[in-house]
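Chemist: Provided herewith: final-v2.tsv, TSV, C-alpha atoms (C1' of nucleotides).
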```tsv
chain	number	residue	atom	x	y	z
A	248	MET	CA	21.68	-64.64	-40.03
A	249	ASP	CA	20.84	-60.97	-40.06
A	250	LEU	CA	23.95	-58.84	-40.59
A	251	ARG	CA	22.63	-56.02	-38.47
A	252	LEU	CA	21.99	-58.39	-35.58
A	253	LYS	CA	25.48	-59.75	-35.90
A	254	GLN	CA	27.04	-56.30	-35.71
A	255	GLN	CA	24.93	-55.32	-32.75
A	256	ALA	CA	25.64	-58.59	-30.99
A	257	THR	CA	29.38	-58.17	-31.48
A	258	ALA	CA	29.34	-54.64	-30.13
A	259	ILE	CA	27.20	-55.58	-27.15
A	260	THR	CA	29.38	-58.61	-26.43
A	261	GLU	CA	32.44	-56.39	-26.23
A	262	LEU	CA	30.78	-53.71	-24.13
A	263	THR	CA	29.27	-56.16	-21.69
A	264	PHE	CA	32.61	-57.86	-21.29
A	265	ASP	CA	34.33	-54.58	-20.45
A	266	LEU	CA	31.55	-53.48	-18.14
A	267	LEU	CA	31.81	-56.76	-16.29
A	268	ARG	CA	35.52	-56.34	-15.63
A	269	CYS	CA	35.01	-52.81	-14.38
A	270	CYS	CA	32.10	-53.69	-12.15
A	271	GLU	CA	33.98	-56.56	-10.60
A	272	ALA	CA	36.85	-54.23	-9.77
A	273	LYS	CA	34.34	-51.75	-8.37
A	274	GLU	CA	32.74	-54.39	-6.15
A	275	LYS	CA	36.10	-55.59	-4.95
A	276	LEU	CA	37.14	-52.09	-3.96
A	277	PHE	CA	33.87	-51.39	-2.23
A	278	ALA	CA	33.87	-54.64	-0.28
A	279	LYS	CA	37.46	-54.12	0.79
A	280	ASP	CA	36.74	-50.57	1.94
A	281	HIS	CA	34.02	-51.99	4.16
A	282	GLY	CA	36.09	-54.81	5.61
A	283	LEU	CA	34.09	-57.48	3.83
A	284	LYS	CA	34.98	-60.28	1.50
A	285	VAL	CA	33.42	-59.83	-1.91
A	286	ALA	CA	31.25	-62.91	-1.47
A	287	GLU	CA	30.02	-61.60	1.86
A	288	PHE	CA	29.14	-58.24	0.39
A	289	ARG	CA	27.31	-59.90	-2.48
A	290	CYS	CA	25.36	-62.04	-0.07
A	291	LEU	CA	24.46	-59.25	2.33
A	292	ARG	CA	23.40	-57.12	-0.61
A	293	ILE	CA	20.52	-59.43	-1.43
A	294	VAL	CA	19.09	-60.17	2.00
A	295	GLU	CA	16.35	-57.87	3.13
A	296	ALA	CA	15.82	-56.92	6.74
A	297	GLY	CA	13.04	-58.87	8.42
A	298	LYS	CA	12.88	-61.61	5.79
A	299	SER	CA	14.38	-65.04	6.23
A	300	TYR	CA	15.92	-67.20	3.54
A	301	SER	CA	16.85	-70.82	3.01
A	302	VAL	CA	20.36	-71.71	1.93
A	303	GLN	CA	18.96	-72.79	-1.42
A	304	GLU	CA	17.20	-69.50	-2.01
A	305	LEU	CA	20.37	-67.56	-1.39
A	306	ALA	CA	22.41	-69.96	-3.49
A	307	SER	CA	20.18	-69.77	-6.50
A	308	SER	CA	19.75	-66.04	-6.38
A	309	MET	CA	23.52	-65.66	-6.20
A	310	HIS	CA	24.07	-68.31	-8.87
A	311	LEU	CA	26.23	-70.32	-6.48
A	312	SER	CA	26.12	-73.83	-5.04
A	313	PRO	CA	24.45	-74.49	-1.68
A	314	SER	CA	27.73	-75.68	-0.22
A	315	ARG	CA	29.38	-72.43	-1.16
A	316	LEU	CA	26.59	-70.57	0.54
A	317	THR	CA	27.03	-72.56	3.73
A	318	ARG	CA	30.58	-71.24	3.97
A	319	ILE	CA	29.64	-67.67	3.20
A	320	ILE	CA	26.93	-67.82	5.85
A	321	ASP	CA	29.44	-69.36	8.28
A	322	GLY	CA	31.51	-66.22	7.89
A	323	LEU	CA	28.59	-63.86	8.34
A	324	PHE	CA	27.37	-65.86	11.30
A	325	ALA	CA	30.80	-65.72	12.91
A	326	GLU	CA	30.64	-61.96	12.65
A	327	LYS	CA	27.15	-62.00	14.13
A	328	LEU	CA	25.68	-60.38	11.02
A	329	VAL	CA	23.15	-63.13	10.38
A	330	ASP	CA	21.18	-65.59	12.46
A	331	ARG	CA	20.80	-69.18	11.44
A	332	VAL	CA	17.94	-71.17	12.91
A	333	GLN	CA	16.26	-74.40	11.95
A	334	SER	CA	12.83	-73.93	10.46
A	335	ILE	CA	10.14	-75.21	12.80
A	336	GLU	CA	7.79	-76.36	10.05
A	337	ASP	CA	10.47	-78.34	8.25
A	338	ARG	CA	13.62	-78.84	10.23
A	339	ARG	CA	15.72	-79.61	7.15
A	340	PHE	CA	15.53	-75.96	6.23
A	341	ALA	CA	17.73	-73.27	7.63
A	342	LYS	CA	16.25	-69.87	8.16
A	343	ILE	CA	18.88	-67.22	7.55
A	344	SER	CA	18.07	-63.68	8.59
A	345	LEU	CA	19.86	-60.49	9.48
A	346	THR	CA	20.71	-59.73	13.09
A	347	ASN	CA	20.29	-56.17	14.30
A	348	LYS	CA	23.96	-55.65	13.68
A	349	GLY	CA	23.48	-57.10	10.21
A	350	GLN	CA	20.53	-54.86	9.48
A	351	THR	CA	22.47	-51.79	10.44
A	352	LEU	CA	25.39	-52.81	8.29
A	353	VAL	CA	23.28	-53.75	5.29
A	354	GLY	CA	21.42	-50.47	5.50
A	355	LYS	CA	24.68	-48.59	5.48
A	356	LEU	CA	26.07	-50.78	2.70
A	357	LYS	CA	23.11	-50.26	0.40
A	358	GLU	CA	23.08	-46.56	1.09
A	359	GLU	CA	26.76	-46.15	0.38
A	360	TYR	CA	26.80	-48.41	-2.63
A	361	ALA	CA	23.97	-46.42	-4.15
A	362	ASP	CA	25.85	-43.22	-3.29
A	363	LEU	CA	28.89	-44.53	-5.11
A	364	HIS	CA	26.75	-44.98	-8.19
A	365	GLY	CA	25.17	-41.60	-7.59
A	366	GLU	CA	28.64	-40.13	-7.66
A	367	MET	CA	29.29	-41.71	-11.05
A	368	LEU	CA	25.93	-40.62	-12.42
A	369	LYS	CA	25.76	-37.12	-11.06
A	370	ASP	CA	27.41	-35.37	-14.01
A	371	ILE	CA	25.29	-36.82	-16.77
A	372	SER	CA	21.77	-35.84	-17.80
A	373	VAL	CA	18.61	-37.38	-16.45
A	374	THR	CA	17.94	-38.67	-19.95
A	375	ASP	CA	21.25	-40.45	-20.13
A	376	ARG	CA	20.63	-41.97	-16.74
A	377	ASP	CA	17.35	-43.29	-18.05
A	378	LYS	CA	19.14	-44.71	-21.06
A	379	ILE	CA	21.50	-46.56	-18.77
A	380	HIS	CA	18.61	-47.82	-16.70
A	381	ASP	CA	16.62	-49.03	-19.69
A	382	GLY	CA	19.57	-50.55	-21.50
A	383	ILE	CA	20.83	-52.48	-18.51
A	384	SER	CA	17.34	-53.51	-17.56
A	385	LEU	CA	16.72	-54.97	-21.00
A	386	MET	CA	20.06	-56.73	-21.03
A	387	GLN	CA	19.61	-58.10	-17.55
A	388	GLY	CA	16.30	-59.60	-18.58
A	389	LEU	CA	17.76	-61.22	-21.65
A	390	VAL	CA	20.77	-62.75	-19.93
A	391	SER	CA	18.63	-63.91	-17.06
A	392	THR	CA	16.18	-65.64	-19.41
A	393	TRP	CA	19.00	-67.14	-21.43
A	394	LEU	CA	20.53	-68.55	-18.27
A	395	VAL	CA	17.34	-70.25	-17.23
A	396	LYS	CA	17.15	-71.99	-20.59
A	397	ASN	CA	20.81	-72.89	-20.87
A	398	ALA	CA	22.07	-73.65	-17.39
B	8	MET	CA	21.44	-34.39	-3.02
B	9	ASP	CA	18.97	-34.55	-5.87
B	10	LEU	CA	16.14	-36.98	-5.11
B	11	ARG	CA	15.76	-37.99	-8.72
B	12	LEU	CA	19.44	-38.85	-8.95
B	13	LYS	CA	19.18	-40.91	-5.80
B	14	GLN	CA	16.27	-42.94	-7.15
B	15	GLN	CA	17.98	-43.52	-10.46
B	16	ALA	CA	21.24	-44.44	-8.77
B	17	THR	CA	19.49	-46.96	-6.54
B	18	ALA	CA	17.72	-48.60	-9.46
B	19	ILE	CA	20.87	-48.73	-11.57
B	20	THR	CA	22.87	-50.12	-8.65
B	21	GLU	CA	20.43	-52.98	-8.32
B	22	LEU	CA	20.23	-53.71	-12.04
B	23	THR	CA	23.97	-53.62	-12.52
B	24	PHE	CA	24.43	-55.94	-9.60
B	25	ASP	CA	22.01	-58.48	-11.06
B	26	LEU	CA	23.45	-58.17	-14.53
B	27	LEU	CA	26.89	-58.82	-13.16
B	28	ARG	CA	25.84	-62.07	-11.48
B	29	CYS	CA	24.14	-63.28	-14.65
B	30	CYS	CA	27.03	-62.38	-16.90
B	31	GLU	CA	29.50	-64.11	-14.65
B	32	ALA	CA	27.41	-67.27	-14.81
B	33	LYS	CA	27.22	-66.87	-18.58
B	34	GLU	CA	31.00	-66.52	-18.91
B	35	LYS	CA	31.58	-69.51	-16.68
B	36	LEU	CA	29.28	-71.69	-18.77
B	37	PHE	CA	30.83	-70.54	-22.01
B	38	ALA	CA	34.40	-71.08	-20.83
B	39	LYS	CA	33.57	-74.52	-19.52
B	40	ASP	CA	31.90	-75.50	-22.78
B	41	HIS	CA	35.12	-74.62	-24.56
B	42	GLY	CA	37.44	-76.42	-22.17
B	43	LEU	CA	38.92	-73.22	-20.81
B	44	LYS	CA	39.30	-71.78	-17.37
B	45	VAL	CA	37.36	-68.55	-16.98
B	46	ALA	CA	40.55	-66.57	-16.51
B	47	GLU	CA	42.00	-68.06	-19.67
B	48	PHE	CA	38.92	-67.21	-21.66
B	49	ARG	CA	38.95	-63.68	-20.35
B	50	CYS	CA	42.58	-63.30	-21.25
B	51	LEU	CA	42.28	-64.76	-24.74
B	52	ARG	CA	39.25	-62.59	-25.37
B	53	ILE	CA	41.32	-59.42	-25.20
B	54	VAL	CA	44.41	-60.37	-27.20
B	55	GLU	CA	44.25	-59.57	-30.89
B	56	ALA	CA	45.90	-61.67	-33.53
B	57	GLY	CA	49.20	-60.24	-34.72
B	58	LYS	CA	49.65	-57.88	-31.79
B	59	SER	CA	51.97	-58.49	-28.88
B	60	TYR	CA	51.46	-57.47	-25.28
B	61	SER	CA	53.49	-57.04	-22.13
B	62	VAL	CA	52.38	-58.75	-18.94
B	63	GLN	CA	51.58	-55.36	-17.51
B	64	GLU	CA	49.37	-54.38	-20.39
B	65	LEU	CA	47.34	-57.52	-20.05
B	66	ALA	CA	47.19	-57.19	-16.28
B	67	SER	CA	45.91	-53.67	-16.34
B	68	SER	CA	43.38	-54.24	-19.07
B	69	MET	CA	42.07	-57.22	-17.13
B	70	HIS	CA	42.21	-55.32	-13.82
B	71	LEU	CA	44.46	-58.01	-12.33
B	72	SER	CA	47.92	-58.08	-10.79
B	73	PRO	CA	50.96	-58.86	-12.97
B	74	SER	CA	51.70	-61.95	-10.90
B	75	ARG	CA	48.26	-63.29	-11.58
B	76	LEU	CA	48.79	-62.71	-15.27
B	77	THR	CA	52.05	-64.63	-15.22
B	78	ARG	CA	50.13	-67.68	-14.05
B	79	ILE	CA	47.37	-67.30	-16.58
B	80	ILE	CA	49.91	-66.96	-19.36
B	81	ASP	CA	51.77	-70.01	-18.02
B	82	GLY	CA	48.60	-71.99	-18.63
B	83	LEU	CA	48.03	-70.63	-22.12
B	84	PHE	CA	51.69	-71.17	-22.96
B	85	ALA	CA	51.53	-74.76	-21.77
B	86	GLU	CA	48.66	-75.31	-24.17
B	87	LYS	CA	50.65	-73.64	-26.95
B	88	LEU	CA	48.03	-70.94	-27.38
B	89	VAL	CA	50.43	-68.05	-26.83
B	90	ASP	CA	54.10	-67.36	-27.41
B	91	ARG	CA	56.21	-65.63	-24.83
B	92	VAL	CA	59.44	-64.01	-25.98
B	93	GLN	CA	61.74	-61.48	-24.41
B	94	SER	CA	61.53	-58.08	-26.03
B	95	ILE	CA	64.76	-57.26	-27.89
B	96	GLU	CA	64.64	-53.53	-27.22
B	97	ASP	CA	64.13	-54.00	-23.48
B	98	ARG	CA	64.73	-57.48	-22.26
B	99	ARG	CA	62.78	-56.94	-19.07
B	100	PHE	CA	59.61	-56.98	-21.11
B	101	ALA	CA	57.83	-60.08	-22.22
B	102	LYS	CA	56.09	-60.06	-25.55
B	103	ILE	CA	52.98	-62.19	-25.41
B	104	SER	CA	51.29	-63.03	-28.68
B	105	LEU	CA	48.94	-65.63	-30.09
B	106	THR	CA	50.33	-68.72	-31.78
B	107	ASN	CA	48.58	-69.95	-34.91
B	108	LYS	CA	46.69	-72.40	-32.78
B	109	GLY	CA	45.80	-69.52	-30.46
B	110	GLN	CA	44.59	-67.35	-33.33
B	111	THR	CA	42.36	-70.09	-34.61
B	112	LEU	CA	40.90	-70.67	-31.19
B	113	VAL	CA	40.41	-67.00	-30.42
B	114	GLY	CA	38.71	-66.49	-33.76
B	115	LYS	CA	36.31	-69.27	-33.00
B	116	LEU	CA	35.80	-68.06	-29.44
B	117	LYS	CA	34.93	-64.52	-30.47
B	118	GLU	CA	32.63	-65.75	-33.19
B	119	GLU	CA	30.78	-68.11	-30.91
B	120	TYR	CA	30.60	-65.74	-28.00
B	121	ALA	CA	29.06	-63.11	-30.28
B	122	ASP	CA	26.68	-65.76	-31.60
B	123	LEU	CA	25.60	-66.54	-28.07
B	124	HIS	CA	24.71	-62.90	-27.60
B	125	GLY	CA	23.07	-62.88	-31.02
B	126	GLU	CA	20.89	-65.71	-29.83
B	127	MET	CA	19.81	-63.66	-26.83
B	128	LEU	CA	19.19	-60.56	-28.89
B	129	LYS	CA	17.49	-62.08	-31.88
B	130	ASP	CA	13.92	-61.79	-30.63
B	131	ILE	CA	13.95	-58.15	-29.66
B	132	SER	CA	13.68	-55.12	-31.92
B	133	VAL	CA	16.61	-53.31	-33.48
B	134	THR	CA	15.64	-50.28	-31.41
B	135	ASP	CA	15.82	-52.22	-28.18
B	136	ARG	CA	19.20	-53.61	-29.18
B	137	ASP	CA	20.35	-50.06	-29.70
B	138	LYS	CA	19.03	-49.13	-26.29
B	139	ILE	CA	21.05	-51.92	-24.76
B	140	HIS	CA	24.10	-50.84	-26.67
B	141	ASP	CA	23.79	-47.19	-25.70
B	142	GLY	CA	22.94	-47.87	-22.09
B	143	ILE	CA	25.77	-50.28	-21.50
B	144	SER	CA	28.18	-48.09	-23.40
B	145	LEU	CA	27.36	-45.10	-21.20
B	146	MET	CA	27.60	-47.16	-18.04
B	147	GLN	CA	30.85	-48.75	-19.08
B	148	GLY	CA	32.34	-45.32	-19.65
B	149	LEU	CA	31.22	-44.07	-16.26
B	150	VAL	CA	32.48	-47.04	-14.29
B	151	SER	CA	35.73	-47.05	-16.18
B	152	THR	CA	36.32	-43.37	-15.45
B	153	TRP	CA	35.33	-43.83	-11.84
B	154	LEU	CA	37.83	-46.66	-11.48
B	155	VAL	CA	40.69	-44.60	-12.83
B	156	LYS	CA	39.97	-41.92	-10.23
B	157	ASN	CA	39.34	-44.24	-7.31
B	158	ALA	CA	41.64	-47.24	-7.68
C	228	DA	C1'	83.17	-48.23	-15.78
C	229	DT	C1'	80.41	-49.22	-11.72
C	230	DG	C1'	77.56	-48.77	-8.00
C	231	DG	C1'	72.83	-47.38	-7.07
C	232	DT	C1'	68.07	-46.95	-8.37
C	233	DA	C1'	64.02	-48.01	-11.02
C	234	DT	C1'	61.28	-51.21	-13.81
C	235	DT	C1'	59.36	-55.70	-15.42
C	236	DT	C1'	58.47	-60.24	-14.67
C	237	DT	C1'	58.55	-64.37	-11.99
C	238	DT	C1'	58.32	-67.23	-7.75
C	239	DG	C1'	56.79	-68.57	-3.16
C	240	DC	C1'	53.27	-68.35	-0.19
C	241	DC	C1'	48.91	-67.32	1.36
C	242	DT	C1'	43.82	-66.13	1.05
C	243	DT	C1'	39.45	-66.21	-1.23
C	244	DT	C1'	36.16	-68.25	-4.21
C	245	DA	C1'	33.89	-72.23	-5.70
C	246	DG	C1'	32.13	-76.84	-6.72
C	247	DC	C1'	31.58	-81.97	-6.17
C	248	DA	C1'	30.59	-85.93	-3.68
C	249	DA	C1'	29.55	-88.05	0.48
C	250	DA	C1'	27.54	-87.75	4.99
C	251	DG	C1'	23.82	-86.19	8.18
C	252	DA	C1'	19.40	-85.01	9.35
C	253	DA	C1'	14.74	-84.68	8.59
C	254	DA	C1'	10.46	-85.29	5.93
C	255	DA	C1'	7.56	-88.02	2.80
C	256	DA	C1'	6.19	-92.14	0.47
C	257	DG	C1'	5.58	-96.92	0.33
D	182	DC	C1'	9.00	-99.01	9.65
D	183	DT	C1'	11.87	-99.14	5.78
D	184	DT	C1'	13.01	-96.61	1.55
D	185	DT	C1'	13.37	-92.57	-0.94
D	186	DT	C1'	13.70	-87.76	-1.37
D	187	DT	C1'	15.10	-83.20	0.14
D	188	DC	C1'	18.02	-79.71	2.43
D	189	DT	C1'	22.21	-78.59	4.55
D	190	DT	C1'	26.83	-79.35	5.98
D	191	DT	C1'	31.57	-81.36	5.72
D	192	DG	C1'	35.80	-82.91	3.48
D	193	DC	C1'	38.39	-82.33	-0.25
D	194	DT	C1'	40.11	-80.16	-4.26
D	195	DA	C1'	40.71	-76.72	-7.89
D	196	DA	C1'	40.71	-72.18	-9.61
D	197	DA	C1'	41.35	-67.27	-8.90
D	198	DG	C1'	44.01	-63.77	-7.12
D	199	DG	C1'	47.21	-60.80	-4.38
D	200	DC	C1'	51.56	-59.47	-1.77
D	201	DA	C1'	56.30	-59.42	-1.01
D	202	DA	C1'	60.69	-60.86	-2.25
D	203	DA	C1'	63.83	-62.36	-5.89
D	204	DA	C1'	65.80	-62.13	-10.52
D	205	DA	C1'	66.90	-59.81	-14.53
D	206	DT	C1'	67.55	-55.89	-16.94
D	207	DA	C1'	67.75	-50.93	-17.94
D	208	DC	C1'	68.90	-46.29	-16.62
D	209	DC	C1'	71.70	-42.87	-14.11
D	210	DA	C1'	75.05	-40.62	-11.70
D	211	DT	C1'	79.44	-39.85	-10.73
```
Can you turn what I pasted into structure tokens?
Modeler:
Amino acid sequence: MDLRLKQQATAITELTFDLLRCCEAKEKLFAKDHGLKVAEFRCLRIVEAGKSYSVQELASSMHLSPSRLTRIIDGLFAEKLVDRVQSIEDRRFAKISLTNKGQTLVGKLKEEYADLHGEMLKDISVTDRDKIHDGISLMQGLVSTWLVKNA
Amino acid sequence: MDLRLKQQATAITELTFDLLRCCEAKEKLFAKDHGLKVAEFRCLRIVEAGKSYSVQELASSMHLSPSRLTRIIDGLFAEKLVDRVQSIEDRRFAKISLTNKGQTLVGKLKEEYADLHGEMLKDISVTDRDKIHDGISLMQGLVSTWLVKNA
DNA sequence: ATGGTATTTTTGCCTTTAGCAAAGAAAAAG
DNA sequence: CTTTTTCTTTGCTAAAGGCAAAAATACCAT
């Protein structure tokens, strides 16, 4: 095995690990500040206004089990942030979508979460921001592909 | 607020979010394959052979509470992967260090976890690997700094 | 010395996160 | 019209994690 690859892999392993810990802490703080459980925030973050989703769709895009999603949706439903209706075409499917209240909240959430990142990024150069974007984008693609093959 | 910054922040927010989900799934798989709980793997991953750590040190570098660390260490201790002795200079402190068995395991763990990343990285160019390295390194620094100020 | 305060870790208790396996409900296949 | 498959939910359990109080020790005053 290529020595250079090994060195790079080791360094990236370490960095990714540290980044992960920090980002989890960041998410936890943000969710708490907005009165949400982390799982709820993560779920709301991926649903777009106007669209509707099956439990499965949400589960797989969050890398969680369907049963876990049922509970998360229970919570959001109880807070009237999402609607849950049976699909008419195939009544096995649930159609999960944002309520008006949910849409308002999600809009605010996305806005403020992006602002939080804007705050972190504001003192570095546009070039460095692009480096972050490109690096993370590449890595995300790799891990995502790896997961599909190995999970 | 700068429009360019806002766009970049939004994109990076999204990418980081996705990367986080994927990396968590990756860690979970890896830990499971090695018969470890995720928390145990995460803890072992940061202790170096020969060094000793207080509960606090481990807690803060893992962004967890000391009480949580006590439990994680309980588990590792039960499996004879770490030693836990009272510090002689200040007997309030615990000194956590790897046993021989622990050192062997951690060595293997680090090696294999780096190999896993090597596997992901092997088909892209050296330049792209450097981009990943630099991007994640920058981001890690930013989030880390942000956390210190805001937590 | 000794009583009070601060620090470090542990313990008890609770919440949150998560999955598995079985049950329910509906569609599709035979 | 039964059997099989698919999607979601429910019951149960485990893992992850924090808070507050307790326990043990160190550090200070006086």
Chemist: For chain B, report every residue with an atom at most 6 Å from chain A (counting only C-alpha atoms), formatted as a list of chain:residue names.
Modeler: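 The answer, sorted by residue number, is B:Ala16, B:Thr17, B:Ile19, B:Thr20, B:Leu26, B:Ala121, B:His124, B:Gly125, B:Lys138, B:Ile139, B:His140, B:Gly142, B:Gln147.
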Chemist: By how many Å are CA of Cys290 (chain A) and CA of Ser334 (chain A) apart?
Modeler: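 So the answer is 20.2 Å.
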Chemist: Residues of chain A within 8 Å of chain D, counting only C-alpha atoms (C1' of nucleotides), what are they? List them as a list in words.
Modeler: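 Close enough to count are Val302, Gln303, Pro313, Ser314, Thr317, Arg339, Phe340 and Ala341 of chain A.
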Chemist: Mind listing as a PyMOL selection string which residues of chain A are within 7 Å of chain C, counting only C-alpha atoms (C1' of nucleotides)?
Modeler: chain A and resi 312+315+338-339
Chemist: Using CA of Ser67 (chain B) and CA of Glu119 (chain B) as the two end points, give the distance in Å to one decimal.
Modeler: 25.5 Å
Chemist: Find the residue from A:Val332, A:Leu283, A:Ala278, A:Leu345 that sits nearest to Glu295 (chain A); use all atoms listed in the file when measuring.
Modeler: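 Comparing A:Val332, A:Leu283, A:Ala278, A:Leu345 against Glu295 (chain A), the winner is A:Leu345.
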Chemist: Give me, please, the distance in Å between CA of Lys396 (chain A) and CA of Arg318 (chain A), quoted to one decimal.
Modeler: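 Taking CA of Lys396 (chain A) as the start and CA of Arg318 (chain A) as the end point, the length is 28.0 Å.
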Chemist: Render region 46-53 of chain B from the structure in the preceding block as a file of all heavy atoms, as an mmCIF file, in the first residue's frame.
Modeler:
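As written to disk, decode29.cif reads:
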```
data_model
loop_
_atom_site.group_PDB
_atom_site.id
_atom_site.type_symbol
_atom_site.label_atom_id
_atom_site.label_comp_id
_atom_site.auth_asym_id
_atom_site.auth_seq_id
_atom_site.Cartn_x
_atom_site.Cartn_y
_atom_site.Cartn_z
ATOM 1 N N ALA B 46 -19.394 4.490 22.093
ATOM 2 C CA ALA B 46 -18.757 5.357 23.086
ATOM 3 C C ALA B 46 -17.398 4.798 23.497
ATOM 4 O O ALA B 46 -16.452 5.559 23.726
ATOM 5 C CB ALA B 46 -19.650 5.516 24.309
ATOM 6 N N GLU B 47 -17.305 3.497 23.584
ATOM 7 C CA GLU B 47 -16.031 2.875 23.949
ATOM 8 C C GLU B 47 -14.995 3.089 22.857
ATOM 9 O O GLU B 47 -13.839 3.433 23.135
ATOM 10 C CB GLU B 47 -16.237 1.378 24.206
ATOM 11 C CG GLU B 47 -17.029 1.097 25.472
ATOM 12 C CD GLU B 47 -17.308 -0.377 25.682
ATOM 13 O OE1 GLU B 47 -17.266 -1.155 24.710
ATOM 14 O OE2 GLU B 47 -17.582 -0.749 26.842
ATOM 15 N N PHE B 48 -15.424 2.880 21.636
ATOM 16 C CA PHE B 48 -14.505 3.112 20.524
ATOM 17 C C PHE B 48 -14.011 4.547 20.516
ATOM 18 O O PHE B 48 -12.814 4.825 20.398
ATOM 19 C CB PHE B 48 -15.177 2.777 19.187
ATOM 20 C CG PHE B 48 -14.447 3.300 17.991
ATOM 21 C CD1 PHE B 48 -13.156 2.898 17.722
ATOM 22 C CD2 PHE B 48 -15.057 4.205 17.137
ATOM 23 C CE1 PHE B 48 -12.463 3.389 16.622
ATOM 24 C CE2 PHE B 48 -14.377 4.697 16.040
ATOM 25 C CZ PHE B 48 -13.080 4.295 15.784
ATOM 26 N N ARG B 49 -14.938 5.464 20.684
ATOM 27 C CA ARG B 49 -14.569 6.878 20.665
ATOM 28 C C ARG B 49 -13.579 7.202 21.773
ATOM 29 O O ARG B 49 -12.678 8.011 21.601
ATOM 30 C CB ARG B 49 -15.817 7.751 20.817
ATOM 31 C CG ARG B 49 -16.707 7.708 19.587
ATOM 32 C CD ARG B 49 -17.927 8.594 19.763
ATOM 33 N NE ARG B 49 -18.747 8.599 18.555
ATOM 34 C CZ ARG B 49 -19.854 9.317 18.428
ATOM 35 N NH1 ARG B 49 -20.283 10.075 19.432
ATOM 36 N NH2 ARG B 49 -20.538 9.284 17.301
ATOM 37 N N CYS B 50 -13.793 6.582 22.907
ATOM 38 C CA CYS B 50 -12.906 6.840 24.037
ATOM 39 C C CYS B 50 -11.527 6.240 23.789
ATOM 40 O O CYS B 50 -10.500 6.914 23.945
ATOM 41 C CB CYS B 50 -13.530 6.269 25.307
ATOM 42 S SG CYS B 50 -12.592 6.637 26.800
ATOM 43 N N LEU B 51 -11.497 4.994 23.396
ATOM 44 C CA LEU B 51 -10.216 4.323 23.130
ATOM 45 C C LEU B 51 -9.423 5.076 22.068
ATOM 46 O O LEU B 51 -8.204 5.193 22.139
ATOM 47 C CB LEU B 51 -10.447 2.881 22.679
ATOM 48 C CG LEU B 51 -10.901 1.903 23.762
ATOM 49 C CD1 LEU B 51 -11.216 0.547 23.157
ATOM 50 C CD2 LEU B 51 -9.825 1.773 24.850
ATOM 51 N N ARG B 52 -10.137 5.576 21.088
ATOM 52 C CA ARG B 52 -9.511 6.249 19.964
ATOM 53 C C ARG B 52 -8.654 7.434 20.386
ATOM 54 O O ARG B 52 -7.715 7.810 19.702
ATOM 55 C CB ARG B 52 -10.609 6.694 19.002
ATOM 56 C CG ARG B 52 -10.218 7.352 17.711
ATOM 57 C CD ARG B 52 -10.053 6.353 16.622
ATOM 58 N NE ARG B 52 -9.412 6.906 15.431
ATOM 59 C CZ ARG B 52 -8.467 7.809 15.400
ATOM 60 N NH1 ARG B 52 -8.004 8.346 16.512
ATOM 61 N NH2 ARG B 52 -7.931 8.200 14.249
ATOM 62 N N ILE B 53 -8.979 8.046 21.516
ATOM 63 C CA ILE B 53 -8.228 9.247 21.898
ATOM 64 C C ILE B 53 -7.175 9.022 22.980
ATOM 65 O O ILE B 53 -6.415 9.927 23.281
ATOM 66 C CB ILE B 53 -9.163 10.385 22.370
ATOM 67 C CG1 ILE B 53 -9.902 9.968 23.638
ATOM 68 C CG2 ILE B 53 -10.142 10.786 21.279
ATOM 69 C CD1 ILE B 53 -10.620 11.135 24.292
#
```
